[in-house]
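The file coords39.cif comes next; it holds mmCIF, N, CA and C atoms.
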```cif
data_final
loop_
_atom_site.group_PDB
_atom_site.id
_atom_site.type_symbol
_atom_site.label_atom_id
_atom_site.label_comp_id
_atom_site.auth_asym_id
_atom_site.auth_seq_id
_atom_site.Cartn_x
_atom_site.Cartn_y
_atom_site.Cartn_z
ATOM 1 N N MET O 1 148.456 97.949 107.353
ATOM 2 C CA MET O 1 148.121 96.566 107.544
ATOM 3 C C MET O 1 147.128 96.391 108.688
ATOM 4 N N GLY O 2 147.350 97.075 109.804
ATOM 5 C CA GLY O 2 146.431 97.007 110.938
ATOM 6 C C GLY O 2 145.050 97.531 110.580
ATOM 7 N N PHE O 3 145.021 98.592 109.759
ATOM 8 C CA PHE O 3 143.747 99.172 109.341
ATOM 9 C C PHE O 3 142.947 98.168 108.519
ATOM 10 N N ARG O 4 143.624 97.458 107.621
ATOM 11 C CA ARG O 4 142.947 96.484 106.775
ATOM 12 C C ARG O 4 142.407 95.325 107.612
ATOM 13 N N LEU O 5 143.168 94.884 108.594
ATOM 14 C CA LEU O 5 142.723 93.807 109.475
ATOM 15 C C LEU O 5 141.475 94.232 110.244
ATOM 16 N N MET O 6 141.424 95.490 110.699
ATOM 17 C CA MET O 6 140.242 96.005 111.390
ATOM 18 C C MET O 6 139.047 95.997 110.462
ATOM 19 N N MET O 7 139.244 96.396 109.205
ATOM 20 C CA MET O 7 138.138 96.425 108.248
ATOM 21 C C MET O 7 137.601 95.016 108.013
ATOM 22 N N VAL O 8 138.490 94.038 107.861
ATOM 23 C CA VAL O 8 138.066 92.659 107.645
ATOM 24 C C VAL O 8 137.282 92.156 108.853
ATOM 25 N N THR O 9 137.752 92.464 110.046
ATOM 26 C CA THR O 9 137.070 92.055 111.269
ATOM 27 C C THR O 9 135.693 92.702 111.349
ATOM 28 N N ASN O 10 135.617 93.992 111.039
ATOM 29 C CA ASN O 10 134.329 94.690 111.059
ATOM 30 C C ASN O 10 133.369 94.100 110.037
ATOM 31 N N VAL O 11 133.843 93.779 108.858
ATOM 32 C CA VAL O 11 132.988 93.189 107.830
ATOM 33 C C VAL O 11 132.466 91.837 108.296
ATOM 34 N N LYS O 12 133.320 91.051 108.929
ATOM 35 C CA LYS O 12 132.886 89.747 109.440
ATOM 36 C C LYS O 12 131.812 89.922 110.520
ATOM 37 N N GLN O 13 131.990 90.918 111.387
ATOM 38 C CA GLN O 13 131.004 91.168 112.430
ATOM 39 C C GLN O 13 129.678 91.600 111.820
ATOM 40 N N ILE O 14 129.730 92.446 110.820
ATOM 41 C CA ILE O 14 128.512 92.905 110.153
ATOM 42 C C ILE O 14 127.807 91.728 109.491
ATOM 43 N N MET O 15 128.556 90.853 108.843
ATOM 44 C CA MET O 15 127.955 89.697 108.185
ATOM 45 C C MET O 15 127.310 88.764 109.214
ATOM 46 N N LYS O 16 127.948 88.603 110.385
ATOM 47 C CA LYS O 16 127.366 87.775 111.428
ATOM 48 C C LYS O 16 126.065 88.390 111.940
ATOM 49 N N LEU O 17 126.039 89.699 112.123
ATOM 50 C CA LEU O 17 124.828 90.378 112.577
ATOM 51 C C LEU O 17 123.711 90.255 111.555
ATOM 52 N N GLN O 18 124.048 90.392 110.277
ATOM 53 C CA GLN O 18 123.039 90.250 109.240
ATOM 54 C C GLN O 18 122.467 88.839 109.237
ATOM 55 N N SER O 19 123.327 87.859 109.374
ATOM 56 C CA SER O 19 122.883 86.468 109.417
ATOM 57 C C SER O 19 121.980 86.237 110.630
ATOM 58 N N PHE O 20 122.370 86.778 111.772
ATOM 59 C CA PHE O 20 121.569 86.650 112.985
ATOM 60 C C PHE O 20 120.198 87.290 112.786
ATOM 61 N N ALA O 21 120.153 88.468 112.181
ATOM 62 C CA ALA O 21 118.888 89.161 111.942
ATOM 63 C C ALA O 21 117.996 88.353 110.997
ATOM 64 N N ARG O 22 118.588 87.781 109.952
ATOM 65 C CA ARG O 22 117.808 86.956 109.022
ATOM 66 C C ARG O 22 117.228 85.739 109.735
ATOM 67 N N ASN O 23 118.016 85.101 110.592
ATOM 68 C CA ASN O 23 117.540 83.936 111.338
ATOM 69 C C ASN O 23 116.423 84.304 112.307
ATOM 70 N N LEU O 24 116.556 85.453 112.947
ATOM 71 C CA LEU O 24 115.501 85.916 113.844
ATOM 72 C C LEU O 24 114.203 86.149 113.090
ATOM 73 N N LEU O 25 114.293 86.799 111.942
ATOM 74 C CA LEU O 25 113.116 87.077 111.126
ATOM 75 C C LEU O 25 112.486 85.783 110.652
ATOM 76 N N ALA O 26 113.291 84.845 110.209
ATOM 77 C CA ALA O 26 112.777 83.559 109.747
ATOM 78 C C ALA O 26 112.075 82.820 110.886
ATOM 79 N N ALA O 27 112.648 82.872 112.071
ATOM 80 C CA ALA O 27 112.039 82.198 113.226
ATOM 81 C C ALA O 27 110.717 82.862 113.600
ATOM 82 N N ALA O 28 110.663 84.175 113.478
ATOM 83 C CA ALA O 28 109.446 84.898 113.852
ATOM 84 C C ALA O 28 108.312 84.632 112.873
ATOM 85 N N THR O 29 108.624 84.385 111.611
ATOM 86 C CA THR O 29 107.577 84.182 110.615
ATOM 87 C C THR O 29 107.359 82.714 110.287
ATOM 88 N N ALA O 30 108.183 81.822 110.813
ATOM 89 C CA ALA O 30 108.090 80.400 110.476
ATOM 90 C C ALA O 30 106.782 79.787 110.957
ATOM 91 N N ASP O 31 106.237 80.277 112.041
ATOM 92 C CA ASP O 31 105.020 79.688 112.578
ATOM 93 C C ASP O 31 103.749 80.341 112.045
ATOM 94 N N VAL O 32 103.866 81.177 111.024
ATOM 95 C CA VAL O 32 102.704 81.798 110.405
ATOM 96 C C VAL O 32 102.523 81.160 109.025
ATOM 97 N N PRO O 33 101.522 80.284 108.899
ATOM 98 C CA PRO O 33 101.341 79.604 107.617
ATOM 99 C C PRO O 33 100.864 80.555 106.519
ATOM 100 N N LYS O 34 101.042 80.133 105.298
ATOM 101 C CA LYS O 34 100.606 80.920 104.150
ATOM 102 C C LYS O 34 99.096 81.143 104.260
ATOM 103 N N GLY O 35 98.669 82.371 103.980
ATOM 104 C CA GLY O 35 97.255 82.712 104.067
ATOM 105 C C GLY O 35 96.829 83.216 105.430
ATOM 106 N N TYR O 36 97.786 83.404 106.326
ATOM 107 C CA TYR O 36 97.510 83.882 107.685
ATOM 108 C C TYR O 36 98.450 85.037 108.006
ATOM 109 N N PHE O 37 98.147 85.758 109.092
ATOM 110 C CA PHE O 37 99.049 86.797 109.572
ATOM 111 C C PHE O 37 98.944 86.874 111.091
ATOM 112 N N ALA O 38 99.997 87.398 111.700
ATOM 113 C CA ALA O 38 100.054 87.491 113.159
ATOM 114 C C ALA O 38 99.551 88.851 113.617
ATOM 115 N N VAL O 39 98.799 88.838 114.708
ATOM 116 C CA VAL O 39 98.358 90.076 115.350
ATOM 117 C C VAL O 39 98.655 89.975 116.838
ATOM 118 N N TYR O 40 98.889 91.119 117.455
ATOM 119 C CA TYR O 40 99.107 91.205 118.894
ATOM 120 C C TYR O 40 97.913 91.942 119.477
ATOM 121 N N VAL O 41 97.249 91.308 120.424
ATOM 122 C CA VAL O 41 95.992 91.826 120.951
ATOM 123 C C VAL O 41 96.112 92.018 122.456
ATOM 124 N N GLY O 42 95.543 93.112 122.935
ATOM 125 C CA GLY O 42 95.495 93.364 124.366
ATOM 126 C C GLY O 42 95.694 94.826 124.662
ATOM 127 N N GLU O 43 95.230 95.216 125.827
ATOM 128 C CA GLU O 43 95.366 96.612 126.215
ATOM 129 C C GLU O 43 96.703 96.868 126.899
ATOM 130 N N ASN O 44 97.121 95.982 127.779
ATOM 131 C CA ASN O 44 98.415 96.131 128.450
ATOM 132 C C ASN O 44 99.353 95.010 128.029
ATOM 133 N N GLN O 45 99.036 93.797 128.447
ATOM 134 C CA GLN O 45 99.833 92.623 128.086
ATOM 135 C C GLN O 45 99.326 92.097 126.745
ATOM 136 N N LYS O 46 100.186 92.068 125.744
ATOM 137 C CA LYS O 46 99.801 91.648 124.397
ATOM 138 C C LYS O 46 99.914 90.134 124.246
ATOM 139 N N GLN O 47 98.892 89.551 123.613
ATOM 140 C CA GLN O 47 98.922 88.133 123.265
ATOM 141 C C GLN O 47 98.964 88.025 121.749
ATOM 142 N N ARG O 48 99.704 87.053 121.248
ATOM 143 C CA ARG O 48 99.874 86.883 119.812
ATOM 144 C C ARG O 48 98.867 85.863 119.297
ATOM 145 N N PHE O 49 98.203 86.214 118.190
ATOM 146 C CA PHE O 49 97.266 85.325 117.528
ATOM 147 C C PHE O 49 97.628 85.262 116.048
ATOM 148 N N VAL O 50 97.368 84.121 115.438
ATOM 149 C CA VAL O 50 97.565 83.953 114.002
ATOM 150 C C VAL O 50 96.180 83.750 113.404
ATOM 151 N N VAL O 51 95.788 84.665 112.510
ATOM 152 C CA VAL O 51 94.431 84.639 111.962
ATOM 153 C C VAL O 51 94.466 84.588 110.436
ATOM 154 N N PRO O 52 93.404 84.066 109.829
ATOM 155 C CA PRO O 52 93.358 83.984 108.361
ATOM 156 C C PRO O 52 93.260 85.364 107.713
ATOM 157 N N ILE O 53 93.854 85.494 106.569
ATOM 158 C CA ILE O 53 93.793 86.758 105.817
ATOM 159 C C ILE O 53 92.353 87.089 105.421
ATOM 160 N N SER O 54 91.508 86.083 105.293
ATOM 161 C CA SER O 54 90.106 86.310 104.903
ATOM 162 C C SER O 54 89.380 87.227 105.887
ATOM 163 N N TYR O 55 89.863 87.315 107.136
ATOM 164 C CA TYR O 55 89.236 88.199 108.123
ATOM 165 C C TYR O 55 89.362 89.666 107.717
ATOM 166 N N LEU O 56 90.320 89.974 106.883
ATOM 167 C CA LEU O 56 90.546 91.371 106.485
ATOM 168 C C LEU O 56 89.359 91.956 105.716
ATOM 169 N N SER O 57 88.543 91.107 105.118
ATOM 170 C CA SER O 57 87.412 91.618 104.339
ATOM 171 C C SER O 57 86.156 91.819 105.188
ATOM 172 N N ASP O 58 86.175 91.408 106.440
ATOM 173 C CA ASP O 58 85.016 91.560 107.312
ATOM 174 C C ASP O 58 84.961 92.976 107.886
ATOM 175 N N PRO O 59 83.782 93.630 107.815
ATOM 176 C CA PRO O 59 83.657 95.012 108.325
ATOM 177 C C PRO O 59 84.014 95.150 109.814
ATOM 178 N N SER O 60 83.655 94.168 110.635
ATOM 179 C CA SER O 60 83.981 94.250 112.073
ATOM 180 C C SER O 60 85.486 94.219 112.290
ATOM 181 N N PHE O 61 86.171 93.370 111.546
ATOM 182 C CA PHE O 61 87.625 93.293 111.674
ATOM 183 C C PHE O 61 88.263 94.565 111.127
ATOM 184 N N GLN O 62 87.688 95.116 110.071
ATOM 185 C CA GLN O 62 88.199 96.373 109.511
ATOM 186 C C GLN O 62 88.064 97.510 110.515
ATOM 187 N N ASP O 63 86.987 97.490 111.313
ATOM 188 C CA ASP O 63 86.834 98.504 112.368
ATOM 189 C C ASP O 63 87.968 98.403 113.389
ATOM 190 N N LEU O 64 88.310 97.167 113.762
ATOM 191 C CA LEU O 64 89.430 96.980 114.691
ATOM 192 C C LEU O 64 90.730 97.514 114.089
ATOM 193 N N LEU O 65 90.928 97.255 112.802
ATOM 194 C CA LEU O 65 92.139 97.745 112.135
ATOM 195 C C LEU O 65 92.183 99.269 112.102
ATOM 196 N N SER O 66 91.034 99.891 111.909
ATOM 197 C CA SER O 66 90.982 101.367 111.922
ATOM 198 C C SER O 66 91.361 101.903 113.294
ATOM 199 N N GLN O 67 90.874 101.237 114.353
ATOM 200 C CA GLN O 67 91.236 101.643 115.714
ATOM 201 C C GLN O 67 92.734 101.472 115.946
ATOM 202 N N ALA O 68 93.265 100.377 115.434
ATOM 203 C CA ALA O 68 94.706 100.130 115.588
ATOM 204 C C ALA O 68 95.513 101.203 114.876
ATOM 205 N N GLU O 69 95.057 101.589 113.686
ATOM 206 C CA GLU O 69 95.762 102.630 112.931
ATOM 207 C C GLU O 69 95.729 103.959 113.679
ATOM 208 N N GLU O 70 94.564 104.304 114.260
ATOM 209 C CA GLU O 70 94.442 105.560 114.993
ATOM 210 C C GLU O 70 95.344 105.578 116.225
ATOM 211 N N GLU O 71 95.422 104.439 116.919
ATOM 212 C CA GLU O 71 96.186 104.405 118.166
ATOM 213 C C GLU O 71 97.679 104.213 117.948
ATOM 214 N N PHE O 72 98.056 103.337 116.997
ATOM 215 C CA PHE O 72 99.454 102.974 116.837
ATOM 216 C C PHE O 72 100.079 103.446 115.534
ATOM 217 N N GLY O 73 99.278 103.843 114.562
ATOM 218 C CA GLY O 73 99.828 104.170 113.243
ATOM 219 C C GLY O 73 100.316 102.902 112.570
ATOM 220 N N PHE O 74 101.343 103.026 111.776
ATOM 221 C CA PHE O 74 101.844 101.857 111.068
ATOM 222 C C PHE O 74 103.201 101.398 111.571
ATOM 223 N N ASP O 75 103.663 101.945 112.678
ATOM 224 C CA ASP O 75 104.940 101.548 113.263
ATOM 225 C C ASP O 75 104.664 100.551 114.364
ATOM 226 N N HIS O 76 104.963 99.269 114.107
ATOM 227 C CA HIS O 76 104.666 98.222 115.068
ATOM 228 C C HIS O 76 105.969 97.633 115.589
ATOM 229 N N PRO O 77 106.396 97.999 116.786
ATOM 230 C CA PRO O 77 107.676 97.542 117.312
ATOM 231 C C PRO O 77 107.755 96.031 117.512
ATOM 232 N N THR O 78 106.612 95.351 117.643
ATOM 233 C CA THR O 78 106.633 93.910 117.843
ATOM 234 C C THR O 78 106.825 93.164 116.534
ATOM 235 N N GLY O 79 106.756 93.867 115.417
ATOM 236 C CA GLY O 79 106.926 93.215 114.125
ATOM 237 C C GLY O 79 105.623 92.721 113.546
ATOM 238 N N GLY O 80 104.567 92.803 114.284
ATOM 239 C CA GLY O 80 103.253 92.385 113.814
ATOM 240 C C GLY O 80 102.245 93.479 114.057
ATOM 241 N N LEU O 81 101.069 93.251 113.605
ATOM 242 C CA LEU O 81 99.987 94.212 113.760
ATOM 243 C C LEU O 81 99.501 94.190 115.199
ATOM 244 N N THR O 82 99.362 95.357 115.815
ATOM 245 C CA THR O 82 98.884 95.465 117.192
ATOM 246 C C THR O 82 97.456 95.988 117.188
ATOM 247 N N ILE O 83 96.564 95.255 117.860
ATOM 248 C CA ILE O 83 95.148 95.642 117.913
ATOM 249 C C ILE O 83 94.812 95.984 119.360
ATOM 250 N N PRO O 84 94.374 97.233 119.607
ATOM 251 C CA PRO O 84 94.126 97.698 120.976
ATOM 252 C C PRO O 84 92.718 97.383 121.469
ATOM 253 N N CYS O 85 92.453 96.137 121.779
ATOM 254 C CA CYS O 85 91.157 95.783 122.358
ATOM 255 C C CYS O 85 91.380 94.684 123.384
ATOM 256 N N LYS O 86 90.348 94.362 124.133
ATOM 257 C CA LYS O 86 90.448 93.285 125.111
ATOM 258 C C LYS O 86 90.547 91.951 124.372
ATOM 259 N N VAL O 87 91.327 91.061 124.928
ATOM 260 C CA VAL O 87 91.513 89.741 124.301
ATOM 261 C C VAL O 87 90.171 89.027 124.178
ATOM 262 N N ALA O 88 89.326 89.139 125.200
ATOM 263 C CA ALA O 88 88.015 88.479 125.166
ATOM 264 C C ALA O 88 87.170 88.991 124.005
ATOM 265 N N SER O 89 87.218 90.285 123.748
ATOM 266 C CA SER O 89 86.467 90.862 122.623
ATOM 267 C C SER O 89 87.004 90.352 121.292
ATOM 268 N N PHE O 90 88.321 90.260 121.196
ATOM 269 C CA PHE O 90 88.942 89.764 119.971
ATOM 270 C C PHE O 90 88.569 88.300 119.745
ATOM 271 N N LEU O 91 88.605 87.492 120.798
ATOM 272 C CA LEU O 91 88.237 86.083 120.674
ATOM 273 C C LEU O 91 86.770 85.922 120.281
ATOM 274 N N GLU O 92 85.914 86.769 120.818
ATOM 275 C CA GLU O 92 84.498 86.734 120.459
ATOM 276 C C GLU O 92 84.316 87.037 118.969
ATOM 277 N N LEU O 93 84.990 88.071 118.491
ATOM 278 C CA LEU O 93 84.894 88.452 117.076
ATOM 279 C C LEU O 93 85.441 87.348 116.172
ATOM 280 N N THR O 94 86.621 86.836 116.491
ATOM 281 C CA THR O 94 87.218 85.818 115.623
ATOM 282 C C THR O 94 86.424 84.508 115.670
ATOM 283 N N SER O 95 85.816 84.193 116.803
ATOM 284 C CA SER O 95 84.957 83.004 116.878
ATOM 285 C C SER O 95 83.751 83.156 115.968
ATOM 286 N N ARG O 96 83.162 84.335 115.979
ATOM 287 C CA ARG O 96 82.015 84.617 115.102
ATOM 288 C C ARG O 96 82.430 84.525 113.635
ATOM 289 N N LEU O 97 83.590 85.111 113.312
ATOM 290 C CA LEU O 97 84.077 85.062 111.932
ATOM 291 C C LEU O 97 84.361 83.626 111.490
ATOM 292 N N GLN O 98 84.907 82.838 112.399
ATOM 293 C CA GLN O 98 85.204 81.447 112.083
ATOM 294 C C GLN O 98 83.920 80.667 111.804
ATOM 295 N N LEU O 99 82.884 80.906 112.606
ATOM 296 C CA LEU O 99 81.597 80.245 112.375
ATOM 297 C C LEU O 99 80.982 80.659 111.045
ATOM 298 N N ASN O 100 81.138 81.935 110.680
ATOM 299 C CA ASN O 100 80.611 82.420 109.405
ATOM 300 C C ASN O 100 81.334 81.825 108.214
ATOM 301 N N ASN O 101 82.591 81.438 108.391
ATOM 302 C CA ASN O 101 83.374 80.883 107.290
ATOM 303 C C ASN O 101 83.191 79.382 107.123
ATOM 304 N N LEU O 102 82.455 78.731 108.044
ATOM 305 C CA LEU O 102 82.234 77.281 107.926
ATOM 306 C C LEU O 102 81.191 76.956 106.890
#
```

File written out as structure tokens:
Amino acid sequence: MGFRLMMVTNVKQIMKLQSFARNLLAAATADVPKGYFAVYVGENQKQRFVVPISYLSDPSFQDLLSQAEEEFGFDHPTGGLTIPCKVASFLELTSRLQLNNL
């Protein structure tokens, strides 16, 4: 009887953890509108940006992605894509891309 009670308690704890994880994931992606994705930019301190998916087809942005792949691979502990460049350089590139899309 005690063993069964422990199993029920453990199952309840697991279900609570799963629910918590789902809520965390939903909160992390809730502020990213459809057609956009989040990136983390910076050499030391990372800043989060939400950019349009259309940037993926630009050769300059693809170069940044290649650098990110070389430096970080595909394992991103922040849950988003990490781009290893200066924030100012990233803002310059995305500003140019935004002007080209107008």

For Val50 (chain O), which residue among O:Gln67, O:Asn101, O:Val32, O:Gly80 is the nearest when counting all atoms listed in the file?
-> O:Val32

May I have the residues within 8 Å of region 54-61 of chain O as a PDB file with N, CA and C atoms, keeping the file's coordinate frame, using all atoms listed in the file and disregarding those fewer than 6 positions away in the same chain?
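Result went into around.pdb, see below:
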```pdb
ATOM      1  N   GLY O  35      98.669  82.371 103.980  1.00  0.00           N
ATOM      2  CA  GLY O  35      97.255  82.712 104.067  1.00  0.00           C
ATOM      3  C   GLY O  35      96.829  83.216 105.430  1.00  0.00           C
ATOM      4  N   TYR O  36      97.786  83.404 106.326  1.00  0.00           N
ATOM      5  CA  TYR O  36      97.510  83.882 107.685  1.00  0.00           C
ATOM      6  C   TYR O  36      98.450  85.037 108.006  1.00  0.00           C
ATOM      7  N   PHE O  37      98.147  85.758 109.092  1.00  0.00           N
ATOM      8  CA  PHE O  37      99.049  86.797 109.572  1.00  0.00           C
ATOM      9  C   PHE O  37      98.944  86.874 111.091  1.00  0.00           C
ATOM     10  N   GLN O  67      90.874 101.237 114.353  1.00  0.00           N
ATOM     11  CA  GLN O  67      91.236 101.643 115.714  1.00  0.00           C
ATOM     12  C   GLN O  67      92.734 101.472 115.946  1.00  0.00           C
ATOM     13  N   LEU O  93      84.990  88.071 118.491  1.00  0.00           N
ATOM     14  CA  LEU O  93      84.894  88.452 117.076  1.00  0.00           C
ATOM     15  C   LEU O  93      85.441  87.348 116.172  1.00  0.00           C
ATOM     16  N   LEU O  97      83.590  85.111 113.312  1.00  0.00           N
ATOM     17  CA  LEU O  97      84.077  85.062 111.932  1.00  0.00           C
ATOM     18  C   LEU O  97      84.361  83.626 111.490  1.00  0.00           C
TER      19      LEU O  97
END
```

All residues 8 Å or closer to Phe49 (chain O), all atoms listed in the file, same chain fewer than 2 positions away omitted, as number ranges by chain = O: 37-41, 46-47, 51-52

For Gly42 (chain O), work out the shell of residues within 12 Å, counting only C-alpha atoms and skipping chain neighbours fewer than 2 positions away, then give it as a list of chain:residue names.
-> O:Val39, O:Tyr40, O:Asn44, O:Gln45, O:Lys46, O:Gln47, O:Arg48, O:Phe49, O:Leu64, O:Ala68, O:Leu81, O:Thr82, O:Ile83, O:Pro84, O:Cys85, O:Lys86, O:Val87, O:Ala88, O:Ser89, O:Phe90, O:Leu91

Mind giving me the straight-line distance from atom C of Pro33 (chain O) to atom C of Glu70 (chain O) in Å, one decimal?
-> 27.4 Å

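Counting from atom C of Gly73 (chain O), the distance to atom C of Ile53 (chain O) is 19.1 Å.
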
Two-atom distance - atom N of Gln98 (chain O), atom N of Leu65 (chain O) (Å) |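 For atom N of Gln98 (chain O) relative to atom N of Leu65 (chain O), the distance reads 15.6 Å.
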
Edge lengths and centre in Å, axis-aligned, region 90-102 of chain O plus 8 Å each side, as JSON:
```
{"center_x": 84.8, "center_y": 83.6, "center_z": 114.0, "size_x": 24.3, "size_y": 29.3, "size_z": 30.3}
```
